[in-house]
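Next up, protein_32.cif (mmCIF, C-alpha atoms and all ligand atoms):
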```
data_final
#
loop_
_atom_site.group_PDB
_atom_site.id
_atom_site.type_symbol
_atom_site.label_atom_id
_atom_site.label_comp_id
_atom_site.auth_asym_id
_atom_site.auth_seq_id
_atom_site.Cartn_x
_atom_site.Cartn_y
_atom_site.Cartn_z
ATOM 1 C CA MET I 1 51.432 -0.174 -82.366
ATOM 2 C CA GLU I 2 47.951 0.144 -83.855
ATOM 3 C CA ILE I 3 46.929 0.881 -80.276
ATOM 4 C CA ARG I 4 49.558 3.025 -78.622
ATOM 5 C CA GLY I 5 49.989 5.479 -75.784
ATOM 6 C CA ALA I 6 49.901 4.094 -72.270
ATOM 7 C CA ALA I 7 46.425 5.391 -71.332
ATOM 8 C CA THR I 8 44.926 4.151 -74.597
ATOM 9 C CA ILE I 9 46.611 0.764 -74.131
ATOM 10 C CA ALA I 10 45.057 0.476 -70.647
ATOM 11 C CA ALA I 11 41.569 1.227 -71.939
ATOM 12 C CA ALA I 12 42.013 -1.192 -74.867
ATOM 13 C CA ALA I 13 43.217 -3.984 -72.552
ATOM 14 C CA ALA I 14 40.234 -3.564 -70.231
ATOM 15 C CA THR I 15 37.852 -3.445 -73.196
ATOM 16 C CA ALA I 16 39.426 -6.613 -74.629
ATOM 17 C CA LEU I 17 38.714 -8.378 -71.326
ATOM 18 C CA ARG I 18 35.103 -7.257 -71.606
ATOM 19 C CA SER I 19 34.906 -8.779 -75.124
ATOM 20 C CA GLN I 20 36.395 -11.999 -73.804
ATOM 21 C CA ALA I 21 33.863 -12.081 -70.956
ATOM 22 C CA THR I 22 30.971 -11.431 -73.330
ATOM 23 C CA GLU I 23 32.023 -14.063 -75.857
ATOM 24 C CA ALA I 24 33.353 -16.762 -73.515
ATOM 25 C CA THR I 25 31.315 -19.983 -73.688
ATOM 26 C CA ALA I 26 32.712 -21.535 -70.482
ATOM 27 C CA ALA I 27 30.336 -24.012 -68.826
ATOM 28 C CA THR I 28 31.528 -23.551 -65.240
ATOM 29 C CA PRO I 29 32.648 -20.601 -63.113
ATOM 30 C CA ALA I 30 36.139 -22.139 -62.807
ATOM 31 C CA ALA I 31 36.436 -22.499 -66.591
ATOM 32 C CA PHE I 32 35.259 -18.904 -67.077
ATOM 33 C CA GLU I 33 37.844 -17.574 -64.614
ATOM 34 C CA SER I 34 40.558 -19.624 -66.278
ATOM 35 C CA THR I 35 39.582 -18.266 -69.719
ATOM 36 C CA MET I 36 39.756 -14.703 -68.388
ATOM 37 C CA ARG I 37 43.175 -15.300 -66.832
ATOM 38 C CA ALA I 38 44.465 -16.784 -70.114
ATOM 39 C CA ALA I 39 43.180 -13.740 -72.031
ATOM 40 C CA ALA I 40 44.875 -11.418 -69.533
ATOM 41 C CA ARG I 41 48.172 -13.320 -69.823
ATOM 42 C CA ARG I 42 48.049 -12.979 -73.582
ATOM 43 C CA LEU I 43 47.302 -9.253 -73.398
ATOM 44 C CA HIS I 44 50.087 -8.837 -70.829
ATOM 45 C CA THR I 45 52.744 -9.969 -73.309
ATOM 46 C CA THR I 46 51.833 -7.434 -76.017
ATOM 47 C CA ARG I 47 53.835 -4.447 -74.644
ATOM 48 C CA PRO I 48 56.370 -4.875 -71.839
ATOM 49 C CA THR I 49 57.114 -1.260 -70.787
ATOM 50 C CA ALA I 50 53.741 0.446 -70.289
ATOM 51 C CA VAL I 51 52.681 -0.598 -66.783
ATOM 52 C CA SER I 52 49.180 0.719 -67.432
ATOM 53 C CA LEU I 53 48.602 -2.589 -69.215
ATOM 54 C CA PRO I 54 49.120 -4.935 -66.204
ATOM 55 C CA ASN I 55 47.538 -2.319 -63.928
ATOM 56 C CA ALA I 56 44.382 -2.407 -66.079
ATOM 57 C CA LEU I 57 44.306 -6.218 -66.150
ATOM 58 C CA ARG I 58 44.788 -6.316 -62.373
ATOM 59 C CA TYR I 59 41.962 -3.833 -61.774
ATOM 60 C CA VAL I 60 39.486 -5.966 -63.720
ATOM 61 C CA LEU I 61 40.586 -9.441 -62.578
ATOM 62 C CA GLN I 62 40.747 -8.477 -58.899
ATOM 63 C CA ARG I 63 37.078 -7.488 -59.098
ATOM 64 C CA MET I 64 35.957 -10.649 -60.948
ATOM 65 C CA ASP I 65 33.543 -12.156 -58.469
ATOM 66 C CA GLY I 66 30.441 -14.362 -58.434
ATOM 67 C CA GLU I 67 29.097 -17.868 -57.922
ATOM 68 C CA THR I 68 27.866 -18.371 -61.499
ATOM 69 C CA VAL I 69 29.257 -17.710 -64.979
ATOM 70 C CA SER I 70 26.639 -15.030 -65.474
ATOM 71 C CA ALA I 71 27.569 -13.238 -62.231
ATOM 72 C CA LEU I 72 31.282 -13.442 -63.063
ATOM 73 C CA ARG I 73 30.619 -12.052 -66.540
ATOM 74 C CA ASP I 74 28.577 -9.169 -65.106
ATOM 75 C CA SER I 75 31.314 -8.320 -62.603
ATOM 76 C CA VAL I 76 33.885 -8.073 -65.427
ATOM 77 C CA ILE I 77 31.611 -5.900 -67.566
ATOM 78 C CA GLN I 78 30.934 -3.591 -64.622
ATOM 79 C CA SER I 79 34.549 -3.204 -63.555
ATOM 80 C CA VAL I 80 35.659 -2.494 -67.145
ATOM 81 C CA ALA I 81 33.083 0.314 -67.338
ATOM 82 C CA GLU I 82 34.281 1.670 -63.965
ATOM 83 C CA PHE I 83 37.912 1.452 -65.033
ATOM 84 C CA VAL I 84 37.442 3.277 -68.343
ATOM 85 C CA ASP I 85 35.399 5.960 -66.596
ATOM 86 C CA ARG I 86 38.139 6.430 -63.968
ATOM 87 C CA LEU I 87 40.776 6.709 -66.710
ATOM 88 C CA ASP I 88 38.830 9.446 -68.484
ATOM 89 C CA ARG I 89 38.225 11.377 -65.273
ATOM 90 C CA ALA I 90 41.862 10.988 -64.222
ATOM 91 C CA GLN I 91 43.062 12.550 -67.446
ATOM 92 C CA VAL I 92 40.722 15.524 -67.078
ATOM 93 C CA ASP I 93 41.790 16.070 -63.443
ATOM 94 C CA LEU I 94 45.466 15.688 -64.337
ATOM 95 C CA GLY I 95 45.058 18.177 -67.181
ATOM 96 C CA ALA I 96 43.618 20.797 -64.834
ATOM 97 C CA ILE I 97 46.574 20.395 -62.462
ATOM 98 C CA GLY I 98 49.170 20.488 -65.239
ATOM 99 C CA ALA I 99 47.547 23.578 -66.741
ATOM 100 C CA ASN I 100 48.186 25.498 -63.517
ATOM 101 C CA ARG I 101 51.921 25.273 -64.245
ATOM 102 C CA LEU I 102 51.500 26.856 -67.685
ATOM 103 C CA ARG I 103 51.264 30.644 -67.944
ATOM 104 C CA ASP I 104 49.693 32.724 -70.658
ATOM 105 C CA GLY I 105 52.236 33.046 -73.495
ATOM 106 C CA ASP I 106 54.330 30.008 -72.518
ATOM 107 C CA THR I 107 56.060 27.707 -74.981
ATOM 108 C CA VAL I 108 56.283 23.984 -74.329
ATOM 109 C CA MET I 109 58.576 21.457 -75.984
ATOM 110 C CA THR I 110 57.017 18.019 -76.478
ATOM 111 C CA HIS I 111 58.403 14.571 -77.188
ATOM 112 C CA CYS I 112 56.431 11.736 -78.782
ATOM 113 C CA HIS I 113 52.637 11.737 -78.353
ATOM 114 C CA SER I 114 51.086 11.628 -74.902
ATOM 115 C CA THR I 115 47.388 12.135 -74.265
ATOM 116 C CA ASP I 116 48.190 12.947 -70.610
ATOM 117 C CA ALA I 117 50.638 15.675 -71.647
ATOM 118 C CA LEU I 118 48.224 17.102 -74.213
ATOM 119 C CA ALA I 119 45.450 17.186 -71.591
ATOM 120 C CA CYS I 120 47.542 19.785 -69.695
ATOM 121 C CA VAL I 121 47.845 22.005 -72.773
ATOM 122 C CA GLU I 122 44.172 21.583 -73.620
ATOM 123 C CA ALA I 123 43.115 22.635 -70.128
ATOM 124 C CA ALA I 124 45.418 25.677 -70.284
ATOM 125 C CA VAL I 125 43.957 26.682 -73.661
ATOM 126 C CA ASP I 126 40.442 26.196 -72.262
ATOM 127 C CA GLN I 127 41.411 28.612 -69.454
ATOM 128 C CA GLY I 128 42.085 31.207 -72.159
ATOM 129 C CA LYS I 129 45.895 30.967 -72.125
ATOM 130 C CA THR I 130 47.883 31.258 -75.339
ATOM 131 C CA ILE I 131 50.342 28.375 -75.561
ATOM 132 C CA SER I 132 52.921 27.674 -78.273
ATOM 133 C CA ALA I 133 54.671 24.379 -78.867
ATOM 134 C CA ILE I 134 57.950 23.160 -80.262
ATOM 135 C CA VAL I 135 57.242 19.570 -81.225
ATOM 136 C CA LYS I 136 60.005 17.002 -81.652
ATOM 137 C CA GLU I 137 59.219 14.623 -84.504
ATOM 138 C CA THR I 138 60.333 11.640 -82.372
ATOM 139 C CA ARG I 139 62.105 9.111 -84.543
ATOM 140 C CA PRO I 140 61.771 6.378 -85.516
ATOM 141 C CA ARG I 141 57.951 6.404 -85.744
ATOM 142 C CA ASN I 142 57.439 10.180 -85.882
ATOM 143 C CA GLN I 143 54.681 10.240 -83.283
ATOM 144 C CA GLY I 144 55.387 13.957 -82.932
ATOM 145 C CA HIS I 145 53.286 14.336 -86.072
ATOM 146 C CA ILE I 146 50.224 13.172 -84.105
ATOM 147 C CA THR I 147 51.079 15.663 -81.356
ATOM 148 C CA ALA I 148 51.473 18.468 -83.912
ATOM 149 C CA ARG I 149 48.089 17.689 -85.451
ATOM 150 C CA GLU I 150 46.264 17.513 -82.123
ATOM 151 C CA LEU I 151 47.886 20.745 -80.878
ATOM 152 C CA ARG I 152 46.833 22.515 -84.070
ATOM 153 C CA GLU I 153 43.273 21.287 -83.467
ATOM 154 C CA MET I 154 43.464 23.067 -80.094
ATOM 155 C CA GLY I 155 44.618 26.262 -81.812
ATOM 156 C CA VAL I 156 48.203 26.044 -80.505
ATOM 157 C CA ASP I 157 51.019 27.481 -82.667
ATOM 158 C CA VAL I 158 53.274 24.550 -83.565
ATOM 159 C CA THR I 159 56.859 24.406 -84.768
ATOM 160 C CA LEU I 160 58.040 20.918 -85.722
ATOM 161 C CA ILE I 161 61.751 20.137 -85.319
ATOM 162 C CA VAL I 162 63.959 17.095 -85.854
ATOM 163 C CA ASP I 163 64.951 15.441 -82.586
ATOM 164 C CA SER I 164 68.569 16.559 -82.743
ATOM 165 C CA ALA I 165 67.518 20.252 -82.916
ATOM 166 C CA ALA I 166 66.046 20.186 -79.399
ATOM 167 C CA ARG I 167 69.020 21.777 -77.664
ATOM 168 C CA ARG I 168 69.177 24.585 -80.213
ATOM 169 C CA TYR I 169 65.601 25.599 -79.382
ATOM 170 C CA MET I 170 65.722 24.997 -75.635
ATOM 171 C CA GLY I 171 66.375 28.695 -74.935
ATOM 172 C CA ALA I 172 62.929 29.543 -76.360
ATOM 173 C CA VAL I 173 61.124 26.998 -74.191
ATOM 174 C CA ASP I 174 59.400 27.542 -70.802
ATOM 175 C CA HIS I 175 58.608 23.886 -70.057
ATOM 176 C CA VAL I 176 59.549 20.524 -71.423
ATOM 177 C CA LEU I 177 56.288 18.559 -71.271
ATOM 178 C CA VAL I 178 56.342 14.795 -71.723
ATOM 179 C CA GLY I 179 54.192 11.804 -70.828
ATOM 180 C CA ALA I 180 55.284 8.521 -69.308
ATOM 181 C CA ASP I 181 54.873 4.836 -69.994
ATOM 182 C CA SER I 182 55.892 3.977 -66.436
ATOM 183 C CA ILE I 183 57.039 5.803 -63.309
ATOM 184 C CA ALA I 184 59.393 3.894 -61.019
ATOM 185 C CA ALA I 185 59.363 4.033 -57.216
ATOM 186 C CA ASP I 186 62.505 6.209 -57.157
ATOM 187 C CA GLY I 187 60.729 8.768 -59.376
ATOM 188 C CA SER I 188 62.467 7.770 -62.619
ATOM 189 C CA VAL I 189 60.376 8.471 -65.695
ATOM 190 C CA ILE I 190 60.282 5.744 -68.326
ATOM 191 C CA ASN I 191 59.184 7.301 -71.585
ATOM 192 C CA LYS I 192 59.821 7.264 -75.327
ATOM 193 C CA ILE I 193 63.471 6.950 -76.318
ATOM 194 C CA GLY I 194 65.108 10.381 -76.326
ATOM 195 C CA THR I 195 63.311 11.703 -73.243
ATOM 196 C CA SER I 196 66.392 11.364 -71.025
ATOM 197 C CA GLU I 197 68.610 13.240 -73.478
ATOM 198 C CA LEU I 198 65.970 15.971 -73.693
ATOM 199 C CA ALA I 199 65.756 16.216 -69.901
ATOM 200 C CA VAL I 200 69.541 16.512 -69.529
ATOM 201 C CA ASN I 201 69.527 19.356 -72.055
ATOM 202 C CA ALA I 202 66.646 21.023 -70.237
ATOM 203 C CA LEU I 203 68.443 20.906 -66.878
ATOM 204 C CA ASP I 204 71.541 22.372 -68.492
ATOM 205 C CA ARG I 205 69.462 25.343 -69.706
ATOM 206 C CA GLY I 206 67.393 25.627 -66.520
ATOM 207 C CA THR I 207 64.160 24.648 -68.273
ATOM 208 C CA PRO I 208 61.750 22.738 -66.009
ATOM 209 C CA VAL I 209 60.644 19.264 -67.076
ATOM 210 C CA MET I 210 57.122 18.111 -66.277
ATOM 211 C CA ALA I 211 55.986 14.526 -66.820
ATOM 212 C CA ALA I 212 52.223 14.059 -67.074
ATOM 213 C CA ALA I 213 51.313 10.588 -65.854
ATOM 214 C CA GLN I 214 48.063 9.306 -64.397
ATOM 215 C CA THR I 215 48.560 7.065 -61.372
ATOM 216 C CA ILE I 216 47.893 4.063 -63.644
ATOM 217 C CA LYS I 217 51.463 4.692 -64.893
ATOM 218 C CA LEU I 218 52.980 4.050 -61.449
ATOM 219 C CA HIS I 219 54.902 0.776 -61.631
ATOM 220 C CA PRO I 220 54.181 -1.215 -58.451
ATOM 221 C CA ASP I 221 56.848 -3.894 -59.082
ATOM 222 C CA THR I 222 59.547 -1.238 -58.694
ATOM 223 C CA LEU I 223 58.562 -0.934 -55.012
ATOM 224 C CA THR I 224 60.207 -4.324 -54.512
ATOM 225 C CA GLY I 225 63.359 -3.690 -56.515
ATOM 226 C CA HIS I 226 62.258 -4.872 -59.951
ATOM 227 C CA THR I 227 63.350 -2.812 -62.927
ATOM 228 C CA VAL I 228 61.166 -1.812 -65.862
ATOM 229 C CA GLU I 229 61.726 -3.835 -69.017
ATOM 230 C CA ILE I 230 62.544 -1.660 -72.023
ATOM 231 C CA GLU I 231 60.815 -2.790 -75.221
ATOM 232 C CA MET I 232 63.224 -3.444 -78.102
ATOM 233 C CA ARG I 233 61.508 -2.942 -81.447
ATOM 234 C CA ASP I 234 62.162 -4.144 -84.962
ATOM 235 C CA GLU I 235 65.212 -2.692 -86.719
ATOM 236 C CA THR I 236 63.142 -2.045 -89.867
ATOM 237 C CA GLU I 237 61.573 0.913 -88.006
ATOM 238 C CA VAL I 238 65.038 2.515 -88.113
ATOM 239 C CA LEU I 239 66.336 1.368 -91.476
ATOM 240 C CA ASP I 240 64.674 -0.366 -94.427
ATOM 241 C CA ALA I 241 66.221 -3.618 -95.630
ATOM 242 C CA GLU I 242 67.553 -2.139 -98.876
ATOM 243 C CA THR I 243 69.391 0.731 -97.177
ATOM 244 C CA ARG I 244 70.726 -1.627 -94.563
ATOM 245 C CA ALA I 245 72.110 -3.941 -97.261
ATOM 246 C CA SER I 246 73.718 -0.980 -99.048
ATOM 247 C CA ILE I 247 75.580 0.043 -95.879
ATOM 248 C CA GLY I 248 77.147 -3.332 -95.207
ATOM 249 C CA GLU I 249 77.456 -5.550 -92.148
ATOM 250 C CA ILE I 250 76.133 -3.498 -89.199
ATOM 251 C CA ALA I 251 74.099 -4.031 -86.055
ATOM 252 C CA VAL I 252 70.944 -1.925 -85.583
ATOM 253 C CA GLU I 253 69.414 -1.336 -82.149
ATOM 254 C CA ASN I 254 65.931 0.098 -81.638
ATOM 255 C CA PRO I 255 65.002 0.566 -77.968
ATOM 256 C CA ALA I 256 61.540 2.147 -77.724
ATOM 257 C CA PHE I 257 61.977 3.757 -74.291
ATOM 258 C CA ASP I 258 64.585 5.116 -71.900
ATOM 259 C CA VAL I 259 64.862 5.989 -68.216
ATOM 260 C CA THR I 260 65.140 9.599 -67.028
ATOM 261 C CA PRO I 261 66.487 9.718 -63.457
ATOM 262 C CA PRO I 262 64.475 11.824 -60.983
ATOM 263 C CA ARG I 263 67.094 14.579 -60.681
ATOM 264 C CA TYR I 264 66.205 15.726 -64.222
ATOM 265 C CA VAL I 265 62.468 15.949 -63.581
ATOM 266 C CA ASP I 266 60.798 18.861 -61.774
ATOM 267 C CA ALA I 267 57.299 17.517 -61.352
ATOM 268 C CA ILE I 268 55.228 14.443 -62.010
ATOM 269 C CA ILE I 269 51.662 15.539 -62.734
ATOM 270 C CA THR I 270 48.984 13.049 -61.711
ATOM 271 C CA GLU I 271 45.242 13.291 -61.137
ATOM 272 C CA ARG I 272 46.083 13.246 -57.406
ATOM 273 C CA GLY I 273 48.240 16.367 -57.596
ATOM 274 C CA GLN I 274 51.770 17.213 -58.674
ATOM 275 C CA PHE I 275 54.685 15.472 -56.991
ATOM 276 C CA PRO I 276 58.424 16.002 -56.882
ATOM 277 C CA PRO I 277 59.663 12.704 -58.395
ATOM 278 C CA GLU I 278 61.400 11.618 -55.189
ATOM 279 C CA SER I 279 58.106 11.738 -53.276
ATOM 280 C CA VAL I 280 56.074 9.647 -55.703
ATOM 281 C CA VAL I 281 56.960 6.531 -53.712
ATOM 282 C CA THR I 282 54.620 7.741 -50.946
ATOM 283 C CA LEU I 283 51.728 7.811 -53.393
ATOM 284 C CA MET I 284 52.699 4.383 -54.721
ATOM 285 C CA ARG I 285 52.682 2.860 -51.224
ATOM 286 C CA GLU I 286 49.272 4.414 -50.579
ATOM 287 C CA LEU I 287 47.858 2.974 -53.815
ATOM 288 C CA PHE I 288 49.548 -0.424 -53.917
ATOM 289 C CA GLY I 289 50.742 -1.195 -50.390
ATOM 290 C CA ASP I 290 54.143 -2.870 -50.531
ATOM 291 C CA GLY I 291 53.503 -4.858 -53.688
ATOM 292 C CA VAL I 292 50.913 -6.443 -55.911
ATOM 293 C CA ASP I 293 49.712 -9.867 -56.955
ATOM 294 C CA GLU I 294 49.427 -11.173 -60.507
ATOM 295 C CA PRO I 295 45.804 -12.321 -60.750
ATOM 296 C CA TRP I 296 46.305 -13.545 -64.337
ATOM 297 C CA GLU I 297 48.489 -16.456 -63.098
ATOM 298 C CA GLU I 298 46.691 -19.786 -62.557
ATOM 299 C CA PRO I 299 46.362 -20.560 -58.816
ATOM 300 C CA ILE I 300 48.641 -23.370 -57.612
ATOM 301 C CA GLN I 301 46.517 -26.525 -57.262
ATOM 302 C CA GLY I 302 46.147 -27.688 -53.667
ATOM 303 C CA GLY I 303 47.579 -24.405 -52.315
ATOM 304 C CA ASN I 304 45.913 -22.432 -49.522
HETATM 305 P P1 LIG W 401 49.683 8.589 -72.871
HETATM 306 C C1 LIG W 401 53.790 6.515 -75.622
HETATM 307 O O1 LIG W 401 54.437 5.293 -75.955
HETATM 308 C C2 LIG W 401 54.759 7.653 -75.406
HETATM 309 O O2 LIG W 401 55.999 7.237 -74.873
HETATM 310 C C3 LIG W 401 53.962 8.508 -74.453
HETATM 311 O O3 LIG W 401 54.748 9.469 -73.748
HETATM 312 C C4 LIG W 401 53.378 7.453 -73.543
HETATM 313 O O4 LIG W 401 53.044 6.364 -74.423
HETATM 314 C C5 LIG W 401 52.191 7.871 -72.720
HETATM 315 O O5 LIG W 401 51.083 8.141 -73.539
HETATM 316 P P2 LIG W 401 53.963 4.403 -77.233
HETATM 317 O O6 LIG W 401 52.863 3.498 -76.756
HETATM 318 O O7 LIG W 401 49.247 7.490 -71.957
HETATM 319 O O8 LIG W 401 53.545 5.359 -78.323
HETATM 320 O O9 LIG W 401 49.939 9.851 -72.094
HETATM 321 O O10 LIG W 401 55.181 3.611 -77.636
HETATM 322 O O11 LIG W 401 48.750 8.804 -74.036
#
```
How would this structure read if it were set down as structure tokens?
Ligand code: RI2
Amino acid sequence: MEIRGAATIAAAAATALRSQATEATAATPAAFESTMRAAARRLHTTRPTAVSLPNALRYVLQRMDGETVSALRDSVIQSVAEFVDRLDRAQVDLGAIGANRLRDGDTVMTHCHSTDALACVEAAVDQGKTISAIVKETRPRNQGHITARELREMGVDVTLIVDSAARRYMGAVDHVLVGADSIAADGSVINKIGTSELAVNALDRGTPVMAAAQTIKLHPDTLTGHTVEIEMRDETEVLDAETRASIGEIAVENPAFDVTPPRYVDAIITERGQFPPESVVTLMRELFGDGVDEPWEEPIQGGN
């Protein structure tokens, strides 16, 4: 959690592969490739829900190419630079598209901290629009505080609320604006725990929900029926040991993310345009075909 937020995780994973490539002392091309795959496998296990992580690893490893260690190393360094550049550009392009949905004087309600979501507000502010925000603190880690700080830096009026006050303030909100850790092929939005409850409340009050998610958040495995694993985090994030002991024998659950079905989401904002959630599968097929390989796995010896 020192590195968090799906886009930031993707950039950090790619950059870690570059460090591995730079520092690897492998004597042969095969040993170098194997070292890179092992590094990618290790990175892959750090966070299970944000698909930007495997998508970043795949981007770099698929482009690892060369007859010598030096050529392989150069190809990794180059594709990491390309990848990080594409991420930055994607967020700027996404922000410009999301900003078109925001009108001068609008109020957004945010959940957690998403750089993709904030890019939409920043672009709207840069267009000269006045935007206000109601920011949910987002238990248990209070990442809403980061959102509040960054919105203030943009000059946005911020009101911080506890998560359970969201429905009370929904009447004053023009858009619910969230990010995503993954988008499934059916248009479901996987995002910080509490997003689905927020979206149900928004639909009940007729408030549109927009999810800002670069295409790196599209989860290709869901094209073939796989579900997205939800990260379960340590119970001490919810309750310290002393308080827990004072309560007595209880179970504590701490899922980090939840799934918002597409019927609660009005638009998924990507750098390729905005999509009704049900149509995002078309974009996924265009970007990934019918599925994807896992280039971090060791090739089967003797296979074709
Ligand atoms: P960006 C975060 O998860 C939040 O759920 C946020 O909506 C999502 O990542 C996307 O963030 P966590 O890593 O990529 O803080 O838009 O658990 O920055």
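Taking only C-alpha atoms, the non-local environment of range 60-70 of chain I within 6 Å (same-chain residues fewer than 5 positions away omitted) comprises Pro29, Ser75, Val76 and Ser79 of chain I.
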**Study point:** Residues matched by the PyMOL selection byres (((chain I and resi 124) around 9) and not hetatm) as a PyMOL selection string
**Key:** chain I and resi 95-96+98-104+119-123+125-131
Point to revise | Residue members of the PyMOL selection byres (((chain I and resi 161-163) around 12) and not hetatm) in the file shown, as a ChimeraX atom specification | key: /I:109-112,133-145,148,158-160,164-170,193-195,197-198
Check your understanding: Taking (34.8, -2.9, -63.2) in the file's coordinates as the center, which residues reach within 12 Å of it, counting all atoms listed in the file, put as a count of residues only?
Key -> 31
Check your understanding: Quick one: residues within 12 Å of Thr45 in chain I, only C-alpha atoms counted, chain neighbours fewer than 2 positions away excluded, as a list in words?
Key -> Ala13, Ala38, Ala39, Ala40, Arg41, Arg42, Leu43, Arg47, Pro48, Thr49, Ala50, Val51, Leu53, Pro54, Leu57, Glu229, Glu231 and Trp296 of chain I
Please report, as a tab-separated table, each residue of chain I lying at most 7 Å from ligand LIG 401 (chain W), together with the nearest pair of atoms and the separation in Å rounded to one decimal; use all atoms listed in the file, and order rows by chain and ascending residue number.
```
residue	atom	partner	partner_atom	distance
I:Met1	CA	W:LIG401	O6	6.9
I:Arg4	CA	W:LIG401	O6	3.8
I:Gly5	CA	W:LIG401	O4	3.5
I:Ala6	CA	W:LIG401	O7	3.5
I:Ala7	CA	W:LIG401	O7	3.6
I:Thr8	CA	W:LIG401	O11	6.0
I:Cys112	CA	W:LIG401	C2	5.6
I:His113	CA	W:LIG401	C3	5.2
I:Ser114	CA	W:LIG401	O9	3.5
I:Thr115	CA	W:LIG401	O11	3.6
I:Asp116	CA	W:LIG401	O9	3.9
I:Ala117	CA	W:LIG401	O9	5.9
I:Val178	CA	W:LIG401	O3	5.9
I:Gly179	CA	W:LIG401	O3	3.8
I:Ala180	CA	W:LIG401	O3	4.6
I:Asp181	CA	W:LIG401	C4	4.7
I:Asn191	CA	W:LIG401	O2	4.6
I:Lys192	CA	W:LIG401	O2	3.8
I:Ala212	CA	W:LIG401	O9	6.9
I:Ala213	CA	W:LIG401	O9	6.4
I:Ala256	CA	W:LIG401	O10	6.5
I:Phe257	CA	W:LIG401	O2	6.9
```
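Every protein, DNA or RNA residue with an atom at most 7 Å from range 267-276 of chain I, where all atoms listed in the file count and chain neighbours fewer than 3 positions away do not, is listed here: Ala90, Gln91, Asp93, Leu94, Ile97, Gly98, Val209, Met210, Ala211, Ala212, Ala213, Gln214, Thr215, Ser279 and Val280 of chain I.
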